[in-house]
Each structure stands twice: as structure tokens, then as C-alpha cells.
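*Asks:* If you scroll down you'll find the structure; I have some questions about it.
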Amino acid sequence: RTVYVNGEYLPETEATVSIFDRGFLMADGVYEVTSVLGGKLIDFAGHLARLERSLSELEIKKPAAYDDLLEIHRELVRANDIEDGLVYLQVTRGSDGDRDFVFPDAETTEPTLVLFTQSKPGLADNPAAKKGIKVISIEDIRWGRRDIKTVQLLYPSMGKMMAKKAGCDDAWMIEDGHVTEGTSNNAYIVKGNKIVTRHLSNDILHGITRAAVLRFAREAQMEVEERSFTIDEAREADEAFVTSASAFVMPVVEIDGVTLGDGTPGRVATRLREIYLDESRKTAV
Ligand code: PMP
């Protein structure tokens, strides 16, 4: 695999980052994942806009201009012959060659920029979407700035492991009885014809797929309510689903052992998945 690190395209075995890099020592970094369908980038502008916001919230210097980042994404897709898959991008604050809680001087310290691809043949035809996934609920014990897409992914990773041990696919995180989001996706329930998903705040990541899906839902005259909902409400919902750049729209058929509807993917989730895949392919770059 060809990867990109700080201005260079290299074989993955030759790419290196300093052991003092603050991404490695302190999770002082942010990332984005953009999916690739038919060799093209899905929702690229949205991911870049969120990257800029994450960087500015943490006062990390922007490592490259928009056009350069687009070119790097495209070059890696070409070099690795990615038809369907993902491009992972990470920016960390870098290092001045030592460990210190105080940020190094932003004038003299360059951020670290790393990108690599993951090939996922048939990404849009994921068989899980036809079956739906099972989730458990766990307490949300993450920090209070979940709107910043940082690389602090230990708790979400533990959540995914808890789900796996329980024979499920993912976990929904709960704060004060209300669902915040999935470990790596935004969470939705459907009641009658109404789609309910948590409103934007610092409590959740502002999903790029979420924004697109809600726009398509409204354009299709579906009713959308952006508000928090409880896990009890979720267990009694007609259907549920999650969204993310890599899962698109993924139906949820079971929550904490409670089967939703008839246990198969719901009508709304299935329709939104089709619309999202069709529409986002049209604007892919
Ligand atoms: N919430 C969390 C916690 C996530 O990690 C992700 C995916 N990175 C999302 C939501 C979905 O965001 P997006 O649609 O931009 O992939």
C-alpha cells in the first residue's frame, strides 16, 4: 500500500512518525474518514469543512490547503487502485522533540499529516445492511467535546468490544438516560413516520452523513425531529438506524435484546440508505 506522510508518498513500511509526536503521546490530533465508491470521494467537502473546524477548535495549524488535500486523497485512491473503500486522514499537533503538557510553539512546530487507504470491495452492498445490526447500550463516559473529531478512541473501541462480547455489533452510548450516539456513528429512531435523532451540540459528533441524510429525508417529505431521546423510547421504537461515512445508513434491528418491529430492517432506514447512496454518488468527486 502507498501511504502519505508529511509531503511524501511512500510504501507503508517506510512511513514513519516521531515517537514524540503528540498524537502518539497524548491523542493530540484529529481525523477524518471519507468513503470511496466507484473510485470517487463521497461528501468530500463536508469532511474537509469538519476537519478545519476540529483543527481550529484545538488550535492546530492546517497542514495543507483544500486543493492539496483533495489531490492527496485522489492520488492515494489512484495509487492503491481503490474502487470501493475509505481514505483515512489524520492531523496531529506534531512535536518539538520532547514531551510536555504545554503545546509546543505553533510558529516552529509543524503538524503531522498522515493519509492511507483501506480497500473495501462491495462497500455499498454490505450484507449487514440487509440483516440489520444489534446494539447494546452502555454509559457514555467520554469527554465533553465530542463535536471535535479527535483520535481519542479508546472508550468507543472498548464499547465495540463490550458489544462483541455480548454477541452484538455495536453500542449506543447513554447519558442521563438519553442516547448520545453510537461508538462510531449517529443514532436514530423512527416512530410512525417520524425520524428522531439527537440535536447538534458538543455532546455528539456532527456527522457528515447525518447532515446529508437529514437533508435527503426532508427533501423526500419525511418528518424529522432533532431532539434527544431516551434509551427506553428507543427500545419501543418502530425502527432504528445509524449513519456514518463508512456504514452509510445501517438499520438497527435489536437494542439491549429487544427486537424492533419484526426484526428486519425498517422501511424508512432501507429507503434512506437507497436515497443516500444514489444521491451521494452524484456529488462524489
Ligand atoms: N459519531 C461518532 C462518535 C463517530 O465516530 C462517527 C464517525 N466517525 C460519526 C458519529 C459519524 O460521522 P460521519 O457521518 O461524519 O462519518
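How things are named: the first chain in the C-alpha cells is A, the next is B, and so on; residues count from 1 in each chain; ligands count from 1 in the order shown.
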What do you get as a PyMOL selection string if you pick all residues at most 10 Å from ligand 1, counting only C-alpha atoms and all ligand atoms?
*Replies:* chain A and resi 31-35+43+46-47+50+142+146-151+153+156+172-173+180-187+203-213+242-249
*Asks:* Just asking: which residues within region 24-229 of chain A are helix (DSSP H, G or I) according to DSSP, as a ChimeraX atom specification?
*Replies:* /A:24-26,44-57,66-79,123-125,128-131,154-165,208-219
*Asks:* Assign secondary structure with DSSP using the backbone only, and return the residues of region 202-255 of chain A in strand (DSSP E or B) as a list of chain:residue names.
*Replies:* A:Glu223, A:Val224, A:Glu225, A:Glu226, A:Thr230, A:Glu239, A:Ala240, A:Phe241, A:Val242, A:Thr243, A:Ser244, A:Phe248, A:Val249, A:Met250, A:Pro251, A:Val252, A:Val253, A:Glu254, A:Ile255
*Asks:* For the selection just defined, write its residues with N, CA and C atoms to a file, as a PDB file, in the first residue's frame.
*Replies:*
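Okay, selection.pdb is ready:
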ATOM      1  N   GLU A 223     -40.761  13.301   7.889  1.00  0.00           N
ATOM      2  CA  GLU A 223     -40.771  14.172   9.059  1.00  0.00           C
ATOM      3  C   GLU A 223     -39.530  13.901   9.917  1.00  0.00           C
ATOM      4  N   VAL A 224     -38.813  14.967  10.275  1.00  0.00           N
ATOM      5  CA  VAL A 224     -37.580  14.823  11.055  1.00  0.00           C
ATOM      6  C   VAL A 224     -37.682  15.652  12.332  1.00  0.00           C
ATOM      7  N   GLU A 225     -37.313  15.051  13.458  1.00  0.00           N
ATOM      8  CA  GLU A 225     -37.293  15.789  14.722  1.00  0.00           C
ATOM      9  C   GLU A 225     -35.894  15.671  15.324  1.00  0.00           C
ATOM     10  N   GLU A 226     -35.209  16.797  15.491  1.00  0.00           N
ATOM     11  CA  GLU A 226     -33.870  16.772  16.082  1.00  0.00           C
ATOM     12  C   GLU A 226     -33.996  17.091  17.557  1.00  0.00           C
ATOM     13  N   THR A 230     -34.688   8.978  24.829  1.00  0.00           N
ATOM     14  CA  THR A 230     -34.193   8.068  25.866  1.00  0.00           C
ATOM     15  C   THR A 230     -33.984   6.673  25.289  1.00  0.00           C
ATOM     16  N   GLU A 239     -38.594   1.458  14.367  1.00  0.00           N
ATOM     17  CA  GLU A 239     -37.327   1.040  13.766  1.00  0.00           C
ATOM     18  C   GLU A 239     -36.222   1.960  14.250  1.00  0.00           C
ATOM     19  N   ALA A 240     -34.999   1.601  13.908  1.00  0.00           N
ATOM     20  CA  ALA A 240     -33.845   2.404  14.300  1.00  0.00           C
ATOM     21  C   ALA A 240     -32.748   2.221  13.263  1.00  0.00           C
ATOM     22  N   PHE A 241     -31.818   3.172  13.239  1.00  0.00           N
ATOM     23  CA  PHE A 241     -30.680   3.025  12.325  1.00  0.00           C
ATOM     24  C   PHE A 241     -29.537   3.923  12.773  1.00  0.00           C
ATOM     25  N   VAL A 242     -28.389   3.732  12.173  1.00  0.00           N
ATOM     26  CA  VAL A 242     -27.239   4.592  12.442  1.00  0.00           C
ATOM     27  C   VAL A 242     -26.700   5.099  11.105  1.00  0.00           C
ATOM     28  N   THR A 243     -25.944   6.198  11.152  1.00  0.00           N
ATOM     29  CA  THR A 243     -25.288   6.689   9.933  1.00  0.00           C
ATOM     30  C   THR A 243     -23.826   6.986  10.217  1.00  0.00           C
ATOM     31  N   SER A 244     -22.988   6.729   9.219  1.00  0.00           N
ATOM     32  CA  SER A 244     -21.583   7.140   9.264  1.00  0.00           C
ATOM     33  C   SER A 244     -21.032   7.055   7.848  1.00  0.00           C
ATOM     34  N   PHE A 248     -22.767   4.252   5.872  1.00  0.00           N
ATOM     35  CA  PHE A 248     -23.855   4.967   5.186  1.00  0.00           C
ATOM     36  C   PHE A 248     -25.068   4.972   6.124  1.00  0.00           C
ATOM     37  N   VAL A 249     -26.178   4.349   5.699  1.00  0.00           N
ATOM     38  CA  VAL A 249     -27.328   4.215   6.605  1.00  0.00           C
ATOM     39  C   VAL A 249     -27.432   2.725   6.938  1.00  0.00           C
ATOM     40  N   MET A 250     -27.316   2.387   8.228  1.00  0.00           N
ATOM     41  CA  MET A 250     -27.316   0.975   8.628  1.00  0.00           C
ATOM     42  C   MET A 250     -28.478   0.707   9.588  1.00  0.00           C
ATOM     43  N   PRO A 251     -29.414  -0.170   9.177  1.00  0.00           N
ATOM     44  CA  PRO A 251     -30.563  -0.458  10.051  1.00  0.00           C
ATOM     45  C   PRO A 251     -30.144  -1.153  11.345  1.00  0.00           C
ATOM     46  N   VAL A 252     -30.834  -0.808  12.428  1.00  0.00           N
ATOM     47  CA  VAL A 252     -30.645  -1.459  13.731  1.00  0.00           C
ATOM     48  C   VAL A 252     -31.915  -2.265  13.990  1.00  0.00           C
ATOM     49  N   VAL A 253     -31.771  -3.558  14.304  1.00  0.00           N
ATOM     50  CA  VAL A 253     -32.961  -4.401  14.483  1.00  0.00           C
ATOM     51  C   VAL A 253     -33.148  -4.890  15.914  1.00  0.00           C
ATOM     52  N   GLU A 254     -32.151  -4.625  16.773  1.00  0.00           N
ATOM     53  CA  GLU A 254     -32.277  -5.062  18.162  1.00  0.00           C
ATOM     54  C   GLU A 254     -31.520  -4.115  19.080  1.00  0.00           C
ATOM     55  N   ILE A 255     -32.145  -3.723  20.192  1.00  0.00           N
ATOM     56  CA  ILE A 255     -31.489  -2.854  21.185  1.00  0.00           C
ATOM     57  C   ILE A 255     -31.606  -3.520  22.548  1.00  0.00           C
TER      58      ILE A 255
END
*Asks:* Excluding Ile82 (chain A) and any residue of its chain fewer than 2 positions from it, enumerate the residues within 12 Å of it, using only C-alpha atoms, and give them as a list of chain:residue names.
*Replies:*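 Close residues of Ile82 (chain A): A:Arg1, A:Thr2, A:Ser35, A:Val36, A:Leu37, A:Gly38, A:Gly39, A:Lys40, A:Leu41, A:His73, A:Arg74, A:Glu75, A:Leu76, A:Val77, A:Arg78, A:Ala79, A:Asn80, A:Asp84, A:Gly85, A:Leu86, A:Val87, A:Phe116, A:Thr117, A:Gln118, A:Ser119, A:Lys120, A:Pro121, A:Gly122, A:Leu123.
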*Asks:* So how many Å separate CA of Ala166 (chain A) and CA of Val179 (chain A), to one decimal?
*Replies:*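 Computing the Euclidean distance for CA of Ala166 (chain A) and CA of Val179 (chain A) yields 19.0 Å.
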*Asks:* Which one of A:Ser157, A:Val258, A:Met222, A:Asp169 sits closest to Ala128 (chain A) if you count only C-alpha atoms?
*Replies:*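 When distances to Ala128 (chain A) are compared using only C-alpha atoms, the smallest one comes from A:Asp169.
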*Asks:* Choose the residue, out of A:Arg227, A:Lys164, A:Arg215, A:Arg235, that has the smallest atom-to-atom separation from Leu272 (chain A); count only C-alpha atoms.
*Replies:*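 Of the candidates, the smallest distance to Leu272 (chain A) is held by A:Arg215.
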*Asks:* Near Val3 (chain A), within 7 Å and counting only C-alpha atoms, which residues show up once chain neighbours fewer than 4 positions away are dropped, as a list of chain:residue names?
*Replies:* A:Tyr9, A:Leu10, A:Pro11, A:Glu12, A:Leu76, A:Leu115, A:Phe116
*Asks:* To one decimal place in Å, what is the distance between CA of Ile174 (chain A) and CA of Leu154 (chain A)?
*Replies:*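 Calculated distance between CA of Ile174 (chain A) and CA of Leu154 (chain A) is 16.7 Å.
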*Asks:* Do you know which residues are at most 9 Å from Ser95 (chain A) counting only C-alpha atoms, after dropping those on the same chain fewer than 2 positions away, and could you put them as number ranges by chain?
*Replies:* A: 18, 20-23, 92-93, 97-99, 103-104, 109-112
*Asks:* The selected residues should be written to file as a PDB file, in the first residue's frame (atoms: C-alpha atoms).
*Replies:*
ATOM      1  CA  SER A  18       8.409  10.660  15.634  1.00  0.00           C
ATOM      2  CA  PHE A  20       7.479  12.306  20.475  1.00  0.00           C
ATOM      3  CA  ASP A  21       4.538  13.092  18.212  1.00  0.00           C
ATOM      4  CA  ARG A  22       1.723  14.390  20.420  1.00  0.00           C
ATOM      5  CA  GLY A  23      -0.756  12.266  18.501  1.00  0.00           C
ATOM      6  CA  THR A  92      -1.686  15.774  14.903  1.00  0.00           C
ATOM      7  CA  ARG A  93      -0.035  18.731  16.580  1.00  0.00           C
ATOM      8  CA  GLY A  97      11.114  16.690  20.138  1.00  0.00           C
ATOM      9  CA  ASP A  98      10.128  16.348  23.786  1.00  0.00           C
ATOM     10  CA  ARG A  99       7.144  15.505  26.000  1.00  0.00           C
ATOM     11  CA  PHE A 103       1.618  22.880  23.493  1.00  0.00           C
ATOM     12  CA  PRO A 104       4.854  23.384  21.535  1.00  0.00           C
ATOM     13  CA  THR A 109       6.193  23.142  15.113  1.00  0.00           C
ATOM     14  CA  GLU A 110       4.692  21.598  12.002  1.00  0.00           C
ATOM     15  CA  PRO A 111       1.581  19.433  12.341  1.00  0.00           C
ATOM     16  CA  THR A 112       1.901  15.811  11.241  1.00  0.00           C
TER      17      THR A 112
END
*Asks:* For Glu8 (chain A), which residue out of A:Met26, A:Ile72, A:Arg198, A:Glu236 is the nearest one, using only C-alpha atoms?
*Replies:*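 So, comparing all the options, the nearest one is A:Ile72.
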*Asks:* With only C-alpha atoms as the basis for distance, which of A:Phe101, A:Asn126, A:Gln90, A:Asp256 is at the shortest distance from Ala163 (chain A)?
*Replies:* A:Asp256
*Asks:* Using CA of Leu113 (chain A) and CA of Asn6 (chain A) as the two end points, give the distance in Å to one decimal.
*Replies:*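 A separation of 5.2 Å between them.
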*Asks:* With distances taken over only C-alpha atoms, which of A:Asn193, A:Ile141, A:Lys165, A:Glu107 is nearest to Lys61 (chain A)?
*Replies:* A:Glu107
*Asks:* Taking into account only C-alpha atoms, which residue in the set A:His178, A:Tyr88, A:Tyr155, A:Lys130 is nearest to Phe44 (chain A)?
*Replies:*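 Under the stated criterion, the closest residue is A:Tyr88.
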